[in-house]
>>> print(open('coords.cif').read())   # mmCIF, C-alpha atoms and all ligand atoms
data_work
#
loop_
_atom_site.label_atom_id
_atom_site.label_comp_id
_atom_site.auth_asym_id
_atom_site.auth_seq_id
_atom_site.Cartn_x
_atom_site.Cartn_y
_atom_site.Cartn_z
CA MET R 782 116.80 104.69 86.16
CA LYS R 783 120.32 106.01 85.73
CA ARG R 784 121.43 103.83 82.89
CA ASP R 785 125.25 103.96 83.02
CA LYS R 786 125.49 103.80 86.76
CA ASP R 787 123.22 100.83 86.95
CA LYS R 788 124.45 99.02 83.88
CA GLU R 789 126.73 96.83 85.93
CA ALA R 790 123.89 95.94 88.26
CA VAL R 791 121.71 95.15 85.29
CA ASP R 792 124.37 92.90 83.78
CA GLN R 793 124.68 91.17 87.12
CA SER R 794 120.94 90.83 87.20
CA ARG R 795 120.96 89.12 83.78
CA ARG R 796 123.49 86.59 84.97
CA ALA R 797 121.62 86.00 88.22
CA LEU R 798 118.35 85.54 86.40
CA LEU R 799 119.98 82.94 84.20
CA ARG R 800 121.08 81.14 87.34
CA THR R 801 117.61 81.50 88.81
CA GLY R 802 116.19 80.12 85.60
CA ALA R 803 118.36 77.05 85.90
CA LEU R 804 117.37 76.56 89.53
CA PHE R 805 113.76 77.00 88.64
CA GLY R 806 114.05 74.45 85.86
CA GLY R 807 115.55 72.02 88.35
CA LEU R 808 112.61 72.42 90.65
CA MET R 809 110.23 71.92 87.78
CA LEU R 810 111.87 68.60 86.98
CA LEU R 811 111.36 67.44 90.55
CA GLY R 812 107.79 68.64 90.68
CA GLY R 813 104.95 66.17 90.54
CA GLY R 814 101.28 67.10 90.47
CA ALA R 815 99.41 68.30 93.53
CA GLY R 816 99.22 65.47 96.02
CA ASN R 817 102.69 64.16 95.22
CA ALA R 818 104.62 63.73 98.47
CA LEU R 819 107.52 65.67 96.95
CA ALA R 820 105.20 68.15 95.29
CA THR R 821 106.78 71.43 94.34
CA THR R 822 103.57 72.64 92.79
CA VAL R 823 100.37 74.04 94.29
CA ARG R 824 96.96 74.07 92.68
CA LEU R 825 95.07 77.37 92.90
CA PRO R 826 91.26 77.33 92.58
CA MET R 827 91.13 78.26 88.88
CA ALA R 828 91.65 76.59 85.51
CA ASN R 829 95.40 76.39 84.75
CA GLY R 830 95.92 77.14 88.44
CA GLU R 831 98.94 74.89 88.90
CA ARG R 832 101.90 76.90 90.23
CA PRO R 833 105.44 75.78 91.02
CA LEU R 834 106.68 76.56 94.51
CA ALA R 835 110.20 77.98 94.46
CA ARG R 836 112.64 79.83 96.67
CA TYR R 837 114.12 83.11 95.54
CA PRO R 838 116.78 85.11 97.44
CA GLN R 839 115.51 86.29 100.86
CA LYS R 840 112.25 84.41 100.30
CA ARG R 841 110.76 81.18 101.56
CA ALA R 842 109.07 78.93 99.01
CA LEU R 843 106.36 80.98 97.29
CA LEU R 844 104.03 80.35 94.35
CA VAL R 845 105.70 81.31 91.09
CA LEU R 846 103.44 83.19 88.69
CA THR R 847 106.26 84.17 86.32
CA SER R 848 110.04 83.97 86.71
CA ARG R 849 110.91 86.74 84.24
CA PRO R 850 109.95 89.22 85.54
CA VAL R 851 109.79 87.68 89.00
CA GLN R 852 106.22 87.44 90.28
CA LEU R 853 105.58 85.42 93.44
CA GLU R 854 102.32 84.85 95.29
CA THR R 855 101.95 84.33 99.04
CA PRO R 856 100.18 81.11 100.09
CA MET R 857 96.94 81.92 101.97
CA ALA R 858 98.06 79.92 105.02
CA VAL R 859 100.60 82.67 105.78
CA PHE R 860 97.78 85.12 106.51
CA ASN R 861 96.50 82.82 109.25
CA GLN R 862 99.82 82.86 111.08
CA GLY R 863 99.81 86.49 112.13
CA VAL R 864 98.51 89.92 111.22
CA ILE R 865 101.92 90.92 109.79
CA THR R 866 103.14 89.23 106.62
CA PRO R 867 106.79 88.24 107.14
CA ASN R 868 109.30 89.74 104.69
CA ASP R 869 110.33 86.35 103.36
CA ALA R 870 106.70 85.48 102.60
CA PHE R 871 105.69 88.84 101.11
CA PHE R 872 104.46 88.62 97.51
CA VAL R 873 106.57 89.97 94.67
CA ARG R 874 105.52 91.70 91.50
CA TRP R 875 107.74 93.40 88.92
CA HIS R 876 106.69 94.59 85.50
CA LEU R 877 110.12 94.53 83.90
CA ALA R 878 112.72 91.80 84.08
CA ASN R 879 115.87 93.91 84.43
CA VAL R 880 115.77 94.17 88.19
CA PRO R 881 119.21 94.76 89.74
CA THR R 882 120.12 91.72 91.82
CA ARG R 883 122.75 93.55 93.84
CA ILE R 884 122.44 97.00 95.33
CA ASP R 885 124.99 98.75 97.49
CA GLY R 886 122.78 100.56 99.98
CA ARG R 887 125.63 102.96 100.89
CA ARG R 888 126.16 104.12 97.31
CA PHE R 889 122.53 104.08 96.24
CA THR R 890 121.00 107.53 95.89
CA ILE R 891 117.59 108.98 95.34
CA ARG R 892 117.42 112.08 93.18
CA ILE R 893 114.69 114.70 93.63
CA HIS R 894 114.50 117.05 90.67
CA GLY R 895 112.18 118.70 88.14
CA ARG R 896 110.03 121.62 89.23
CA VAL R 897 111.90 122.19 92.50
CA LYS R 898 114.02 125.09 93.72
CA GLN R 899 116.85 122.93 94.98
CA PRO R 900 117.41 119.46 93.46
CA LEU R 901 118.56 116.90 96.03
CA GLU R 902 120.49 113.66 95.89
CA LEU R 903 120.32 111.61 99.07
CA THR R 904 121.56 108.24 100.25
CA PRO R 905 119.20 106.11 102.33
CA ALA R 906 121.33 106.94 105.40
CA GLN R 907 120.97 110.69 104.78
CA LEU R 908 117.25 110.30 104.28
CA ALA R 909 116.95 108.45 107.58
CA SER R 910 119.06 110.95 109.52
CA ASP R 911 117.79 114.23 108.02
CA PHE R 912 114.05 113.66 108.33
CA GLU R 913 111.68 112.64 111.10
CA PRO R 914 111.08 108.86 111.16
CA VAL R 915 107.46 107.76 110.67
CA GLU R 916 106.08 104.26 111.23
CA LEU R 917 102.79 102.73 110.20
CA THR R 918 101.26 99.37 109.36
CA ALA R 919 99.69 99.12 105.92
CA VAL R 920 98.44 96.59 103.40
CA CYS R 921 100.17 96.49 100.03
CA GLN R 922 97.79 94.86 97.55
CA CYS R 923 98.20 94.51 93.80
CA SER R 924 95.35 96.03 91.77
CA GLY R 925 95.04 92.66 90.07
CA ASN R 926 94.97 90.58 93.24
CA SER R 927 92.48 87.71 92.61
CA ARG R 928 92.41 88.41 88.86
CA GLY R 929 92.59 84.68 88.14
CA LEU R 930 89.15 84.27 89.76
CA PHE R 931 87.43 86.60 87.26
CA GLU R 932 84.61 85.05 85.21
CA PRO R 933 84.76 85.36 82.26
CA ARG R 934 88.52 85.07 82.48
CA VAL R 935 90.63 88.15 81.71
CA ALA R 936 94.20 88.55 80.48
CA GLY R 937 96.98 89.52 82.90
CA GLY R 938 98.75 87.91 85.85
CA GLN R 939 96.55 85.08 87.07
CA TRP R 940 96.78 85.75 90.79
CA ALA R 941 94.61 84.01 93.33
CA ASN R 942 94.20 85.96 96.59
CA GLY R 943 97.84 86.08 97.65
CA ALA R 944 99.05 89.22 95.83
CA MET R 945 98.76 91.18 99.07
CA GLY R 946 100.61 91.57 102.34
CA ASN R 947 100.53 93.64 105.51
CA ALA R 948 103.76 95.12 106.86
CA HIS R 949 105.01 97.60 109.40
CA TRP R 950 106.79 100.30 107.37
CA LYS R 951 109.31 102.82 108.59
CA GLY R 952 110.47 105.77 106.57
CA VAL R 953 110.15 109.49 106.09
CA ARG R 954 107.30 111.62 104.81
CA LEU R 955 107.53 112.27 101.08
CA ARG R 956 106.08 115.71 101.84
CA GLU R 957 109.07 116.69 103.95
CA VAL R 958 111.50 115.64 101.26
CA LEU R 959 109.55 117.60 98.64
CA ASP R 960 109.43 120.62 100.93
CA LYS R 961 113.17 120.46 101.48
CA ALA R 962 113.69 120.55 97.71
CA GLY R 963 111.10 123.34 97.56
CA LEU R 964 108.22 122.96 95.09
CA ARG R 965 107.94 125.52 92.34
CA ALA R 966 104.58 127.26 91.91
CA ASP R 967 103.73 125.37 88.71
CA ALA R 968 104.18 121.85 90.20
CA VAL R 969 101.15 119.59 89.59
CA GLN R 970 102.30 115.97 89.80
CA VAL R 971 105.15 113.97 91.24
CA ARG R 972 106.59 111.05 89.26
CA PHE R 973 108.38 108.07 90.81
CA ASN R 974 110.88 105.81 89.08
CA GLY R 975 112.69 102.71 90.30
CA ALA R 976 116.19 101.44 89.54
CA GLU R 977 115.11 98.68 87.16
CA GLY R 978 114.60 99.27 83.49
CA PRO R 979 112.91 97.75 80.45
CA THR R 980 114.38 94.73 78.66
CA LEU R 981 113.82 96.30 75.24
CA PRO R 982 113.97 99.98 74.24
CA GLN R 983 110.38 99.95 73.00
CA ILE R 984 109.02 98.84 76.40
CA PRO R 985 108.13 101.86 78.55
CA ASP R 986 110.05 102.22 81.82
CA PHE R 987 107.89 101.61 84.90
CA MET R 988 107.06 104.97 86.47
CA LYS R 989 104.02 106.12 88.42
CA SER R 990 102.79 109.59 89.31
CA LEU R 991 100.64 111.06 92.04
CA ASP R 992 98.82 114.38 92.03
CA LEU R 993 100.48 116.90 94.30
CA ASP R 994 97.71 116.73 96.95
CA MET R 995 98.12 112.97 97.30
CA ALA R 996 101.92 113.14 97.19
CA ARG R 997 101.85 115.69 100.01
CA SER R 998 99.38 113.78 102.19
CA GLU R 999 100.33 112.87 105.74
CA ASP R 1000 100.93 109.13 105.38
CA VAL R 1001 102.76 108.80 102.07
CA LEU R 1002 106.26 107.62 102.95
CA ILE R 1003 109.59 106.82 101.42
CA ALA R 1004 110.20 103.64 103.39
CA TYR R 1005 113.62 102.23 104.26
CA ALA R 1006 112.47 99.48 106.61
CA MET R 1007 109.85 96.76 106.47
CA ASN R 1008 108.93 94.84 109.61
CA GLY R 1009 112.01 96.14 111.41
CA ALA R 1010 114.49 95.08 108.71
CA PRO R 1011 115.80 96.47 105.44
CA LEU R 1012 113.40 95.74 102.59
CA PRO R 1013 114.10 92.48 100.76
CA LEU R 1014 115.66 93.24 97.38
CA LEU R 1015 112.62 91.88 95.57
CA ASN R 1016 110.35 94.20 97.58
CA GLY R 1017 112.36 97.25 96.60
CA TYR R 1018 115.58 97.51 98.64
CA PRO R 1019 116.72 100.02 99.76
CA LEU R 1020 113.81 102.50 99.35
CA ARG R 1021 110.20 102.25 98.25
CA LEU R 1022 107.22 104.49 98.16
CA VAL R 1023 104.43 103.54 100.58
CA VAL R 1024 101.00 104.91 99.65
CA PRO R 1025 98.76 103.55 102.42
CA GLY R 1026 95.22 102.74 101.34
CA TRP R 1027 96.03 102.84 97.63
CA TYR R 1028 96.72 99.91 95.34
CA ALA R 1029 100.33 98.76 95.19
CA THR R 1030 100.94 99.97 91.66
CA TYR R 1031 101.82 103.35 93.21
CA TRP R 1032 104.23 101.83 95.75
CA VAL R 1033 107.28 102.25 93.52
CA LYS R 1034 110.18 100.01 94.58
CA MET R 1035 113.96 100.61 94.45
CA LEU R 1036 112.95 104.25 94.26
CA ASP R 1037 115.89 106.24 92.89
CA GLU R 1038 114.19 109.17 91.17
CA ILE R 1039 111.44 111.61 92.10
CA GLU R 1040 110.58 114.16 89.45
CA VAL R 1041 108.22 117.04 90.08
CA LEU R 1042 106.18 117.77 86.94
CA ASN R 1043 104.36 120.92 85.82
CA HIS R 1044 101.91 118.84 83.74
CA ALA R 1045 99.95 115.62 84.00
CA ASP R 1046 102.31 112.70 83.43
CA GLN R 1047 101.85 111.25 79.93
CA SER R 1048 104.07 108.19 80.43
CA PHE R 1049 102.53 104.80 79.74
CA TRP R 1050 102.08 103.24 83.20
CA THR R 1051 100.40 106.37 84.60
CA ALA R 1052 98.52 107.76 81.59
CA LYS R 1053 97.45 104.54 79.86
CA ALA R 1054 97.64 101.58 82.25
CA TYR R 1055 95.88 100.93 85.57
CA ARG R 1056 92.55 102.45 84.57
CA VAL R 1057 89.16 101.37 85.84
CA PRO R 1058 85.64 102.17 84.56
CA ALA R 1059 84.58 105.59 85.87
CA ASN R 1060 81.40 104.33 87.55
CA ALA R 1061 80.64 103.52 91.19
CA CYS R 1062 81.16 99.82 90.55
CA GLY R 1063 84.34 100.01 88.51
CA CYS R 1064 82.64 97.49 86.22
CA LEU R 1065 81.59 96.98 82.67
CA LYS R 1066 79.96 94.18 80.70
CA PRO R 1067 82.21 91.85 78.74
CA GLY R 1068 82.59 93.34 75.26
CA GLU R 1069 81.24 96.78 76.24
CA LYS R 1070 83.14 99.55 74.45
CA ASN R 1071 83.89 103.25 75.00
CA VAL R 1072 83.43 103.21 78.76
CA PRO R 1073 85.13 106.25 80.33
CA LEU R 1074 88.09 105.25 82.50
CA VAL R 1075 89.85 106.79 85.52
CA PRO R 1076 93.15 105.89 87.20
CA ILE R 1077 92.81 103.23 89.89
CA SER R 1078 93.40 104.63 93.38
CA ARG R 1079 92.00 103.63 96.79
CA MET R 1080 91.45 99.98 97.70
CA ASN R 1081 87.95 98.69 98.39
CA VAL R 1082 86.84 96.60 101.38
CA ARG R 1083 87.85 92.94 101.48
CA SER R 1084 87.85 90.03 103.90
CA PHE R 1085 89.14 86.49 103.82
CA ILE R 1086 88.72 83.35 105.85
CA THR R 1087 92.25 82.15 106.59
CA SER R 1088 91.88 79.28 109.08
CA VAL R 1089 90.17 76.82 106.74
CA ALA R 1090 90.75 76.29 103.04
CA ASP R 1091 88.07 75.69 100.45
CA GLY R 1092 87.28 71.98 100.23
CA ALA R 1093 88.65 71.23 103.71
CA GLN R 1094 87.20 68.64 106.07
CA ILE R 1095 86.47 70.00 109.53
CA PRO R 1096 85.84 68.12 112.82
CA ALA R 1097 82.13 67.68 113.64
CA GLY R 1098 80.44 67.90 117.02
CA ARG R 1099 82.42 70.69 118.61
CA LYS R 1100 82.69 74.41 118.27
CA LEU R 1101 84.95 75.45 115.41
CA GLU R 1102 86.79 78.77 115.61
CA VAL R 1103 86.98 80.38 112.20
CA ARG R 1104 89.53 83.14 111.73
CA GLY R 1105 90.36 85.60 109.04
CA ILE R 1106 91.45 89.08 108.05
CA ALA R 1107 89.75 92.19 106.70
CA PHE R 1108 91.03 95.49 105.35
CA ASP R 1109 90.04 98.50 103.29
CA GLY R 1110 91.52 101.60 101.68
CA GLY R 1111 92.30 103.45 104.88
CA PHE R 1112 89.07 104.18 106.74
CA GLY R 1113 89.50 101.14 108.95
CA ILE R 1114 87.35 98.06 109.47
CA LYS R 1115 84.35 98.57 111.72
CA ARG R 1116 82.58 95.20 111.59
CA VAL R 1117 83.01 91.74 110.14
CA LEU R 1118 79.98 89.47 109.77
CA PHE R 1119 80.28 85.71 109.45
CA SER R 1120 77.88 83.17 107.98
CA SER R 1121 78.16 79.38 108.05
CA ASP R 1122 75.06 78.80 105.91
CA GLY R 1123 75.83 80.51 102.63
CA GLY R 1124 74.63 83.94 103.78
CA ARG R 1125 71.17 83.16 105.21
CA HIS R 1126 72.20 84.00 108.77
CA TRP R 1127 75.00 86.26 109.90
CA LEU R 1128 76.71 86.75 113.21
CA GLU R 1129 79.04 89.46 114.39
CA ALA R 1130 82.70 88.37 114.36
CA ARG R 1131 85.02 89.50 117.16
CA LEU R 1132 87.67 91.86 115.89
CA GLY R 1133 91.33 91.44 116.83
CA LYS R 1134 93.76 94.15 117.88
CA ASP R 1135 93.61 97.41 115.94
CA HIS R 1136 96.94 98.02 114.17
CA GLY R 1137 95.72 101.20 112.51
CA LYS R 1138 93.34 102.07 109.72
CA TYR R 1139 95.59 100.80 106.89
CA SER R 1140 96.36 97.38 108.42
CA PHE R 1141 94.83 93.94 108.17
CA ARG R 1142 92.32 93.50 110.99
CA GLU R 1143 92.06 89.99 112.33
CA TRP R 1144 88.64 88.56 113.21
CA GLN R 1145 87.19 85.39 114.75
CA ALA R 1146 83.80 83.71 114.82
CA SER R 1147 82.63 80.23 115.72
CA PHE R 1148 79.95 77.72 114.84
CA ARG R 1149 79.16 74.07 115.63
CA PRO R 1150 79.37 71.78 112.59
CA HIS R 1151 77.32 68.56 112.46
CA LYS R 1152 78.67 65.29 111.12
CA GLY R 1153 78.05 64.70 107.44
CA GLN R 1154 76.94 68.26 106.74
CA SER R 1155 78.46 70.67 104.25
CA TYR R 1156 78.86 74.34 105.02
CA SER R 1157 79.39 77.46 102.95
CA LEU R 1158 81.42 79.88 105.05
CA LEU R 1159 81.28 83.58 104.22
CA ALA R 1160 82.84 86.71 105.70
CA LEU R 1161 81.58 90.22 105.03
CA ALA R 1162 83.51 93.28 106.19
CA ILE R 1163 82.19 96.82 106.65
CA ASN R 1164 84.44 99.84 107.08
CA THR R 1165 83.98 102.92 109.26
CA ILE R 1166 82.26 104.87 106.46
CA GLY R 1167 79.78 102.05 105.77
CA GLU R 1168 81.41 100.65 102.63
CA SER R 1169 81.17 96.92 102.26
CA GLN R 1170 81.84 94.01 99.94
CA ARG R 1171 79.78 92.96 96.95
CA PHE R 1172 77.76 89.76 96.63
CA THR R 1173 78.07 89.72 92.86
CA PRO R 1174 81.59 89.88 91.46
CA ARG R 1175 82.53 93.03 89.57
CA TRP R 1176 83.86 92.51 86.10
CA ASN R 1177 86.29 94.62 84.10
CA PRO R 1178 88.70 93.49 81.39
CA THR R 1179 91.80 94.33 83.43
CA GLY R 1180 90.81 92.16 86.41
CA TYR R 1181 91.04 94.93 88.99
CA LEU R 1182 89.07 95.73 92.17
CA ARG R 1183 87.73 92.27 93.04
CA ASN R 1184 86.04 92.38 96.44
CA VAL R 1185 83.21 89.90 96.20
CA VAL R 1186 82.22 88.02 99.38
CA GLU R 1187 84.28 84.85 98.96
CA THR R 1188 82.83 81.44 99.79
CA VAL R 1189 84.76 78.67 101.54
CA LYS R 1190 83.03 75.28 101.28
CA VAL R 1191 83.83 72.73 103.96
CA SER R 1192 82.40 69.43 105.12
CA ALA R 1193 82.16 68.14 108.68
CA VAL R 1194 83.41 64.64 109.42
N1 LIG U 1 110.11 99.80 90.62
C1 LIG U 1 108.95 99.15 90.58
N2 LIG U 1 108.06 99.33 91.57
C2 LIG U 1 106.88 98.68 91.55
C3 LIG U 1 106.53 97.81 90.48
C4 LIG U 1 107.49 97.63 89.45
O1 LIG U 1 107.28 96.89 88.49
N3 LIG U 1 108.69 98.31 89.53
N4 LIG U 1 105.30 97.18 90.48
C5 LIG U 1 104.25 97.74 91.32
C6 LIG U 1 103.13 96.83 91.51
S1 LIG U 1 101.98 96.73 90.25
C7 LIG U 1 102.96 96.11 92.65
S2 LIG U 1 101.64 95.06 92.85
C8 LIG U 1 103.89 96.25 93.78
C9 LIG U 1 104.35 94.92 94.31
O2 LIG U 1 105.09 95.11 95.47
P1 LIG U 1 105.90 93.91 96.12
O3 LIG U 1 106.67 93.25 95.01
O4 LIG U 1 106.75 94.49 97.17
O5 LIG U 1 104.89 92.97 96.69
O6 LIG U 1 105.05 97.00 93.43
C10 LIG U 1 104.79 98.15 92.69
N5 LIG U 1 106.02 98.88 92.57
MO MO U 2 100.23 95.32 90.91
#
>>> encode(input="coords.cif", output="structure tokens")
Amino acid sequence: MKRDKDKEAVDQSRRALLRTGALFGGLMLLGGGAGNALATTVRLPMANGERPLARYPQKRALLVLTSRPVQLETPMAVFNQGVITPNDAFFVRWHLANVPTRIDGRRFTIRIHGRVKQPLELTPAQLASDFEPVELTAVCQCSGNSRGLFEPRVAGGQWANGAMGNAHWKGVRLREVLDKAGLRADAVQVRFNGAEGPTLPQIPDFMKSLDLDMARSEDVLIAYAMNGAPLPLLNGYPLRLVVPGWYATYWVKMLDEIEVLNHADQSFWTAKAYRVPANACGCLKPGEKNVPLVPISRMNVRSFITSVADGAQIPAGRKLEVRGIAFDGGFGIKRVLFSSDGGRHWLEARLGKDHGKYSFREWQASFRPHKGQSYSLLALAINTIGESQRFTPRWNPTGYLRNVVETVKVSAV
């Protein structure tokens, strides 16, 4: 970030966070346990899974994981209401607490420099007018989505399944911007930095890098719109990187600096963090040491049942439509299978409209529940290159890559 220029914004952000803190405290005082009529808390299916519900600017009430930095989870019910996740319901994750709370989109600039022939500095308006607009629908999912469900438990943000969202993004190709600046022959990586900064000098600034091939790929965008509107501030207003198919750690928000490097980035968040075991599973055994690691990249296949919650009671004696979503890392979902008996029998779910290979794909299946019976509902997605979900959960100490077939237990009354 540009420290002097943004100092005012950072100071404003401090004050606003203090206000938010007070508001948050107020909500906490009101909050009873789950089941309280005035409940402002939600219980996620994990130990210590109680989360306050709170409203932040431009957001409806979401599950608060932490307030400093702001980390908000989307309730699963939202994913049953449509294939697109509304901006005000989209999850929020920041690593560092000094997020500007006010940004003037007309004065904001993005600087492209480093190993380029012609450094550029562009406002969002210039970006939108000087380059061809590109639109696509893509899932943004945190690498640690569902981390709270890991057994044995692992350290890190204890998300349930709501650290994901599917939006329609509009922006310009990163490749075209890089080409306009003109890459020098020794360019190897491109590093992205957002406008927020660390709270203490010893905390590394959040930056992520992509290899040149990936940075120059067709669908990597600098987005200026999300679901037909400017991005919410907490989702990176006014510009963010969109890396369809890849985990959200690369989707740098409030993007104000792109630096072309002639070496592999050695900064903390790229070189040290976000690593997964370098085996086909991305797993290791608890306590196992010296496992080679590689940077996390493409998302694996997942599916969720969204129309019924775990522990729900369902009406017996008539056909029940079960609905859900599936997605993968950009090959597209080919099939979703559904089981109402814990995986003994499977039937083919009907797929909803295709919104492109990076989007959530809705699905539907039905079964007839009998009174007094309990059912274990499972969904299993398969993508167009035959990749599928696992039946045994992967384990790694960072809580990444979960894609086990989830079970929703219901009883018919
Ligand atoms: N500038 C900036 N961009 C960032 C981050 C961040 O801390 N700072 N976190 C990343 C991570 S790990 C995630 S999961 C996504 C979250 O995006 P969202 O808040 O729009 O849901 O933003 C990514 N981009
Ligand atoms: Mo993340």
>>> residues_around(input="coords.cif", residues="R:Asn947", least_positions_apart="2", cutoff="6 Å", atoms="all atoms listed in the file", output="list in words")
Ile865, Thr866, Ala919 and Val920 of chain R
>>> closest_residue(input="coords.cif", among="R:Gly1167, R:Gly1113, R:Gly963, R:Gly925", to="R:Pro1025", atoms="all atoms listed in the file")
R:Gly1113
>>> closest_residue(input="coords.cif", among="R:Asn942, R:Cys923, R:Thr918, R:Ala976", to="R:Asn879", atoms="only C-alpha atoms")
R:Ala976
>>> closest_residue(input="coords.cif", among="R:Leu1014, R:Val915, R:Val1089, R:Val873", to="ligand MO 2 (chain U)", atoms="all atoms listed in the file")
R:Val873
>>> residues_near_ligand(input="coords.cif", ligand="ligand MO 2 (chain U)", cutoff="9 Å", atoms="all atoms listed in the file", output="VMD selection string")
chain R and resid 874 to 876 922 to 926 944 1028 to 1031 1055
>>> closest_residue(input="coords.cif", among="R:His1044, R:Lys898, R:Arg836, R:Arg849", to="ligand LIG 1 (chain U)", atoms="all atoms listed in the file")
R:Arg849
>>> atom_distance(input="coords.cif", atom1="atom CA of R:Ala1045", atom2="atom C5 of ligand LIG 1 (chain U)")
19.8 Å
>>> axis_aligned_box(input="coords.cif", around="ligand LIG 1 (chain U)", padding_each_side="8 Å", output="lines of an AutoDock Vina configuration file")
center_x = 105.9
center_y = 96.4
center_z = 92.8
size_x = 24.5
size_y = 22.8
size_z = 24.7
>>> closest_residue(input="coords.cif", among="R:Leu877, R:Ile1039, R:Leu1161, R:Leu903", to="ligand LIG 1 (chain U)", atoms="all atoms listed in the file")
R:Leu877
>>> residues_near_point(input="coords.cif", point="(103.4, 119.4, 84.3)", cutoff="12 Å", atoms="all atoms listed in the file", output="list in words")
Gly895, Arg896, Arg965, Ala966, Asp967, Ala968, Val969, Gln970, Val971, Arg972, Ser990, Leu991, Asp992, Leu993, Glu1040, Val1041, Leu1042, Asn1043, His1044, Ala1045, Asp1046, Gln1047 and Ser1048 of chain R
>>> residues_near_point(input="coords.cif", point="(103.7, 117.6, 103.7)", cutoff="7 Å", atoms="all atoms listed in the file", output="list in words")
Arg956, Glu957, Arg997, Ser998 and Glu999 of chain R
>>> closest_residue(input="coords.cif", among="R:Gly1068, R:Gln899, R:Lys1134, R:Asn1164", to="R:Val935", atoms="all atoms listed in the file")
R:Gly1068
>>> atom_distance(input="coords.cif", atom1="atom CA of R:Arg1175", atom2="atom CA of R:Asp1135")
28.9 Å
>>> atom_distance(input="coords.cif", atom1="atom CA of R:Trp950", atom2="atom CA of R:Gly886")
17.6 Å
>>> residues_around(input="coords.cif", residues="R:Gly1098", least_positions_apart="2", cutoff="12 Å", atoms="only C-alpha atoms", output="number ranges by chain")
R: 1095-1096, 1100-1101, 1148-1154, 1193-1194
>>> residues_around(input="coords.cif", residues="R:Trp1127", least_positions_apart="3", cutoff="10 Å", atoms="all atoms listed in the file", output="MDAnalysis selection string")
chainID R and resid 1117:1124 1130 1159:1161
>>> write_last_selection(input="coords.cif", atoms="C-alpha atoms", output="PDB file, in the coordinates of the input")
ATOM      1  CA  VAL R1117      83.010  91.740 110.140  1.00  0.00           C
ATOM      2  CA  LEU R1118      79.980  89.470 109.770  1.00  0.00           C
ATOM      3  CA  PHE R1119      80.280  85.710 109.450  1.00  0.00           C
ATOM      4  CA  SER R1120      77.880  83.170 107.980  1.00  0.00           C
ATOM      5  CA  SER R1121      78.160  79.380 108.050  1.00  0.00           C
ATOM      6  CA  ASP R1122      75.060  78.800 105.910  1.00  0.00           C
ATOM      7  CA  GLY R1123      75.830  80.510 102.630  1.00  0.00           C
ATOM      8  CA  GLY R1124      74.630  83.940 103.780  1.00  0.00           C
ATOM      9  CA  ALA R1130      82.700  88.370 114.360  1.00  0.00           C
ATOM     10  CA  LEU R1159      81.280  83.580 104.220  1.00  0.00           C
ATOM     11  CA  ALA R1160      82.840  86.710 105.700  1.00  0.00           C
ATOM     12  CA  LEU R1161      81.580  90.220 105.030  1.00  0.00           C
TER      13      LEU R1161
END
>>> residues_around(input="coords.cif", residues="R:Gly952", least_positions_apart="4", cutoff="10 Å", atoms="all atoms listed in the file", output="list of chain:residue names")
R:Pro905, R:Leu908, R:Ala909, R:Phe912, R:Glu913, R:Pro914, R:Val915, R:Glu916, R:Leu917, R:Val1001, R:Leu1002, R:Ile1003, R:Ala1004, R:Tyr1005, R:Ala1006, R:Met1007, R:Leu1020, R:Arg1021, R:Leu1022, R:Val1023
>>> write_last_selection(input="coords.cif", atoms="C-alpha atoms", output="compact mmCIF listing (two decimals), keeping the file's coordinate frame")
# COMPACT_ATOMS: atom_id res chain seq x y z
CA PRO R 905 119.20 106.11 102.33
CA LEU R 908 117.25 110.30 104.28
CA ALA R 909 116.95 108.45 107.58
CA PHE R 912 114.05 113.66 108.33
CA GLU R 913 111.68 112.64 111.10
CA PRO R 914 111.08 108.86 111.16
CA VAL R 915 107.46 107.76 110.67
CA GLU R 916 106.08 104.26 111.23
CA LEU R 917 102.79 102.73 110.20
CA VAL R 1001 102.76 108.80 102.07
CA LEU R 1002 106.26 107.62 102.95
CA ILE R 1003 109.59 106.82 101.42
CA ALA R 1004 110.20 103.64 103.39
CA TYR R 1005 113.62 102.23 104.26
CA ALA R 1006 112.47 99.48 106.61
CA MET R 1007 109.85 96.76 106.47
CA LEU R 1020 113.81 102.50 99.35
CA ARG R 1021 110.20 102.25 98.25
CA LEU R 1022 107.22 104.49 98.16
CA VAL R 1023 104.43 103.54 100.58
>>> residues_around(input="coords.cif", residues="R:Gln907", least_positions_apart="5", cutoff="10 Å", atoms="only C-alpha atoms", output="list in words")
Arg887, Thr890, Glu902 and Phe912 of chain R
